[in-house]
Amino acid sequence: GGAGGGGARGQPPRHHHHQQHHHPHQQQGSYPSSPPSSVGVGSAGGGRQPKRDVDPSLQLHLPSVASGADTRTSLMIRNIPNKYTQAMFLEELRSGGHSPHVDFFYLPIDFKNKCNRGYAFVNFTCPSRILPFHSQYSCKPWPRFNSDKVCDITYARIQGRSAMVKRFENSALMGKEEEYQPCVFRDGRREEWGK
């Protein structure tokens, strides 16, 4: 594979002296504070795309789930209104009949402002249980808070209850209150985190 390496020299010169003239959004101190709605997750210059591109391998293909060809069980749920709490979300899972089939749930909370970060992780005990959850939530507005956010569901990069637990077990969450911690369930009952 000699596919890389040689292209750096032959690029046309970049005209640096032009750059200071067109700065459509001057980010160095022009605003006292950036507008809260446009804060991305860790990407400083990503203001152009309203929606983050999702890795195609993480997209759900429902026929593959239904046929049993795709056996992944862990989902990432995005665009959650920031006022949702862990208790509210667990109540939604309960009222929708999903909670007996969930063995891991984590809604990351920002410790400073006590709001969620807009995404959550859920692991289902069986891949087929994703289908009713997906049909209830995917691409639909959230039932609470009259938010204009629409639920977006993809597969999580980390798959399975034990992998999820391992991912978060050594983090700073361990000493926090229960509402900040991931939830693990066995047979529909919540177990103490870290045990």
# chains A, B, ... in the order shown; residues from 1 in each chain; ligands from 1

$ residues_around --residues "A:Phe185" --least-positions-apart "6" --cutoff "9 Å" --atoms "only C-alpha atoms" --output "PDB file with all heavy atoms, in the first residue's frame"
ATOM      1  N   PRO A 100     -38.444  -3.780  31.870  1.00  0.00           N
ATOM      2  CA  PRO A 100     -38.051  -5.169  32.172  1.00  0.00           C
ATOM      3  C   PRO A 100     -36.966  -5.689  31.224  1.00  0.00           C
ATOM      4  O   PRO A 100     -36.321  -6.691  31.519  1.00  0.00           O
ATOM      5  CB  PRO A 100     -39.346  -5.971  31.979  1.00  0.00           C
ATOM      6  CG  PRO A 100     -40.446  -4.966  32.036  1.00  0.00           C
ATOM      7  CD  PRO A 100     -39.877  -3.686  31.536  1.00  0.00           C
ATOM      8  N   VAL A 102     -34.394  -3.764  29.986  1.00  0.00           N
ATOM      9  CA  VAL A 102     -33.206  -2.907  30.032  1.00  0.00           C
ATOM     10  C   VAL A 102     -32.356  -3.341  31.224  1.00  0.00           C
ATOM     11  O   VAL A 102     -32.868  -3.471  32.336  1.00  0.00           O
ATOM     12  CB  VAL A 102     -33.621  -1.417  30.191  1.00  0.00           C
ATOM     13  CG1 VAL A 102     -32.422  -0.546  30.537  1.00  0.00           C
ATOM     14  CG2 VAL A 102     -34.283  -0.916  28.913  1.00  0.00           C
ATOM     15  N   ASP A 103     -31.048  -3.580  30.977  1.00  0.00           N
ATOM     16  CA  ASP A 103     -30.193  -3.943  32.110  1.00  0.00           C
ATOM     17  C   ASP A 103     -29.077  -2.933  32.367  1.00  0.00           C
ATOM     18  O   ASP A 103     -28.301  -3.075  33.298  1.00  0.00           O
ATOM     19  CB  ASP A 103     -29.629  -5.363  31.965  1.00  0.00           C
ATOM     20  CG  ASP A 103     -28.800  -5.542  30.702  1.00  0.00           C
ATOM     21  OD1 ASP A 103     -28.497  -4.532  30.026  1.00  0.00           O
ATOM     22  OD2 ASP A 103     -28.464  -6.702  30.384  1.00  0.00           O
ATOM     23  N   PHE A 104     -29.021  -1.882  31.530  1.00  0.00           N
ATOM     24  CA  PHE A 104     -28.053  -0.808  31.765  1.00  0.00           C
ATOM     25  C   PHE A 104     -28.648   0.476  31.211  1.00  0.00           C
ATOM     26  O   PHE A 104     -29.190   0.492  30.099  1.00  0.00           O
ATOM     27  CB  PHE A 104     -26.715  -1.094  31.065  1.00  0.00           C
ATOM     28  CG  PHE A 104     -25.677  -0.019  31.275  1.00  0.00           C
ATOM     29  CD1 PHE A 104     -24.756  -0.111  32.311  1.00  0.00           C
ATOM     30  CD2 PHE A 104     -25.629   1.101  30.448  1.00  0.00           C
ATOM     31  CE1 PHE A 104     -23.812   0.900  32.522  1.00  0.00           C
ATOM     32  CE2 PHE A 104     -24.686   2.106  30.647  1.00  0.00           C
ATOM     33  CZ  PHE A 104     -23.774   1.999  31.683  1.00  0.00           C
ATOM     34  N   PHE A 105     -28.556   1.552  31.988  1.00  0.00           N
ATOM     35  CA  PHE A 105     -29.003   2.865  31.520  1.00  0.00           C
ATOM     36  C   PHE A 105     -28.092   3.922  32.114  1.00  0.00           C
ATOM     37  O   PHE A 105     -27.784   3.893  33.307  1.00  0.00           O
ATOM     38  CB  PHE A 105     -30.451   3.146  31.956  1.00  0.00           C
ATOM     39  CG  PHE A 105     -30.876   4.563  31.659  1.00  0.00           C
ATOM     40  CD1 PHE A 105     -31.172   4.952  30.359  1.00  0.00           C
ATOM     41  CD2 PHE A 105     -30.949   5.513  32.672  1.00  0.00           C
ATOM     42  CE1 PHE A 105     -31.532   6.269  30.083  1.00  0.00           C
ATOM     43  CE2 PHE A 105     -31.298   6.822  32.400  1.00  0.00           C
ATOM     44  CZ  PHE A 105     -31.600   7.197  31.102  1.00  0.00           C
ATOM     45  N   GLU A 191     -29.708  -2.554  40.712  1.00  0.00           N
ATOM     46  CA  GLU A 191     -28.663  -2.992  41.637  1.00  0.00           C
ATOM     47  C   GLU A 191     -27.770  -1.807  41.972  1.00  0.00           C
ATOM     48  O   GLU A 191     -27.714  -0.835  41.219  1.00  0.00           O
ATOM     49  CB  GLU A 191     -27.803  -4.090  40.967  1.00  0.00           C
ATOM     50  CG  GLU A 191     -28.573  -5.334  40.639  1.00  0.00           C
ATOM     51  CD  GLU A 191     -27.643  -6.453  40.177  1.00  0.00           C
ATOM     52  OE1 GLU A 191     -26.648  -6.161  39.505  1.00  0.00           O
ATOM     53  OE2 GLU A 191     -27.937  -7.612  40.487  1.00  0.00           O
ATOM     54  N   GLU A 192     -27.071  -1.927  43.077  1.00  0.00           N
ATOM     55  CA  GLU A 192     -26.197  -0.831  43.477  1.00  0.00           C
ATOM     56  C   GLU A 192     -25.023  -0.744  42.506  1.00  0.00           C
ATOM     57  O   GLU A 192     -24.396  -1.743  42.173  1.00  0.00           O
ATOM     58  CB  GLU A 192     -25.690  -1.079  44.900  1.00  0.00           C
ATOM     59  CG  GLU A 192     -25.262   0.182  45.595  1.00  0.00           C
ATOM     60  CD  GLU A 192     -24.851  -0.067  47.045  1.00  0.00           C
ATOM     61  OE1 GLU A 192     -25.477  -0.938  47.680  1.00  0.00           O
ATOM     62  OE2 GLU A 192     -23.898   0.573  47.508  1.00  0.00           O
TER      63      GLU A 192
END

$ residues_around --residues "A:Gln86" --least-positions-apart "4" --cutoff "9 Å" --atoms "only C-alpha atoms" --output "compact mmCIF listing (two decimals) with N, CA and C atoms, in the first residue's frame"
# COMPACT_ATOMS: atom_id res chain seq x y z
N LEU A 90 -36.20 7.02 33.42
CA LEU A 90 -36.53 5.66 33.87
C LEU A 90 -38.04 5.48 33.94
N GLU A 91 -38.74 6.54 34.30
CA GLU A 91 -40.21 6.48 34.34
C GLU A 91 -40.77 6.29 32.93
N PHE A 105 -28.56 1.55 31.99
CA PHE A 105 -29.00 2.86 31.52
C PHE A 105 -28.09 3.92 32.11
N TYR A 106 -27.63 4.86 31.28
CA TYR A 106 -26.79 5.94 31.79
C TYR A 106 -27.12 7.23 31.06
N LEU A 107 -27.53 8.23 31.83
CA LEU A 107 -27.80 9.58 31.32
C LEU A 107 -26.73 10.49 31.93
N PRO A 108 -25.67 10.81 31.18
CA PRO A 108 -24.61 11.64 31.76
C PRO A 108 -25.15 13.03 32.16
N ILE A 109 -24.78 13.45 33.36
CA ILE A 109 -25.24 14.73 33.90
C ILE A 109 -24.03 15.65 34.08
N ASN A 116 -28.67 17.25 32.06
CA ASN A 116 -28.06 16.16 31.30
C ASN A 116 -27.34 16.71 30.08
N GLU A 179 -28.25 9.66 41.41
CA GLU A 179 -28.86 10.23 40.20
C GLU A 179 -27.83 10.54 39.11
N TYR A 180 -26.53 10.60 39.50
CA TYR A 180 -25.49 10.86 38.51
C TYR A 180 -24.89 9.57 37.96

$ closest_residue --among "A:Asp152, A:Asp187, A:Glu92, A:Glu178" --to "A:Leu60" --atoms "only C-alpha atoms"
A:Asp152

$ atom_distance --atom1 "atom CA of A:His101" --atom2 "atom CA of A:Asn146"
27.5 Å

$ select_by_dssp --residues "stretch 59-160 of chain A" --states "helix (DSSP H, G or I)" --output "number ranges by chain"
A: 62-67, 86-95, 99-101, 127-137

$ write_last_selection --atoms "C-alpha atoms" --output "PDB file, in the first residue's frame"
ATOM      1  CA  LEU A  62     -34.421  -2.489  11.456  1.00  0.00           C
ATOM      2  CA  PRO A  63     -34.879  -5.469   9.081  1.00  0.00           C
ATOM      3  CA  SER A  64     -31.492  -6.800  10.260  1.00  0.00           C
ATOM      4  CA  VAL A  65     -32.596  -6.426  13.879  1.00  0.00           C
ATOM      5  CA  ALA A  66     -35.926  -8.127  13.161  1.00  0.00           C
ATOM      6  CA  SER A  67     -34.304 -11.028  11.306  1.00  0.00           C
ATOM      7  CA  GLN A  86     -32.524  10.077  35.272  1.00  0.00           C
ATOM      8  CA  ALA A  87     -35.739   9.474  37.237  1.00  0.00           C
ATOM      9  CA  MET A  88     -37.889  10.956  34.446  1.00  0.00           C
ATOM     10  CA  PHE A  89     -36.208   8.836  31.808  1.00  0.00           C
ATOM     11  CA  LEU A  90     -36.530   5.664  33.867  1.00  0.00           C
ATOM     12  CA  GLU A  91     -40.207   6.484  34.342  1.00  0.00           C
ATOM     13  CA  GLU A  92     -40.583   6.785  30.561  1.00  0.00           C
ATOM     14  CA  LEU A  93     -38.950   3.373  30.121  1.00  0.00           C
ATOM     15  CA  ARG A  94     -41.324   1.966  32.720  1.00  0.00           C
ATOM     16  CA  SER A  95     -44.491   3.495  31.290  1.00  0.00           C
ATOM     17  CA  SER A  99     -37.794  -1.367  31.655  1.00  0.00           C
ATOM     18  CA  PRO A 100     -38.051  -5.169  32.172  1.00  0.00           C
ATOM     19  CA  HIS A 101     -35.837  -5.497  29.062  1.00  0.00           C
ATOM     20  CA  PRO A 127     -31.788  -7.280  20.355  1.00  0.00           C
ATOM     21  CA  SER A 128     -35.449  -7.682  19.385  1.00  0.00           C
ATOM     22  CA  ARG A 129     -36.483  -5.418  22.290  1.00  0.00           C
ATOM     23  CA  ILE A 130     -34.895  -2.517  20.424  1.00  0.00           C
ATOM     24  CA  LEU A 131     -37.715  -2.570  17.853  1.00  0.00           C
ATOM     25  CA  PRO A 132     -40.629  -1.413  20.062  1.00  0.00           C
ATOM     26  CA  PHE A 133     -38.384   1.167  21.743  1.00  0.00           C
ATOM     27  CA  HIS A 134     -37.236   2.472  18.367  1.00  0.00           C
ATOM     28  CA  SER A 135     -40.770   2.720  17.016  1.00  0.00           C
ATOM     29  CA  GLN A 136     -41.904   4.643  20.100  1.00  0.00           C
ATOM     30  CA  TYR A 137     -39.066   7.184  20.170  1.00  0.00           C
TER      31      TYR A 137
END

$ atom_distance --atom1 "atom CA of A:Lys112" --atom2 "atom CA of A:Pro141"
26.7 Å

$ closest_residue --among "A:Tyr119, A:Phe111, A:Tyr84, A:Phe124" --to "A:Arg186" --atoms "only C-alpha atoms"
A:Phe124

$ residues_around --residues "A:Arg72" --least-positions-apart "5" --cutoff "8 Å" --atoms "only C-alpha atoms" --output "PyMOL selection string"
chain A and resi 127+155+159-160

$ closest_residue --among "A:Ile158, A:Val150, A:Ile80, A:Val184" --to "A:Gly118" --atoms "only C-alpha atoms"
A:Ile80

$ atom_distance --atom1 "atom CA of A:Ser138" --atom2 "atom CA of A:Ile153"
6.0 Å

$ closest_residue --among "A:Ile77, A:Cys115, A:Cys126, A:Ala120" --to "A:His98" --atoms "only C-alpha atoms"
A:Cys126

$ closest_residue --among "A:Ser147, A:Thr85, A:Ser57, A:Thr125" --to "A:Gln181" --atoms "only C-alpha atoms"
A:Thr85
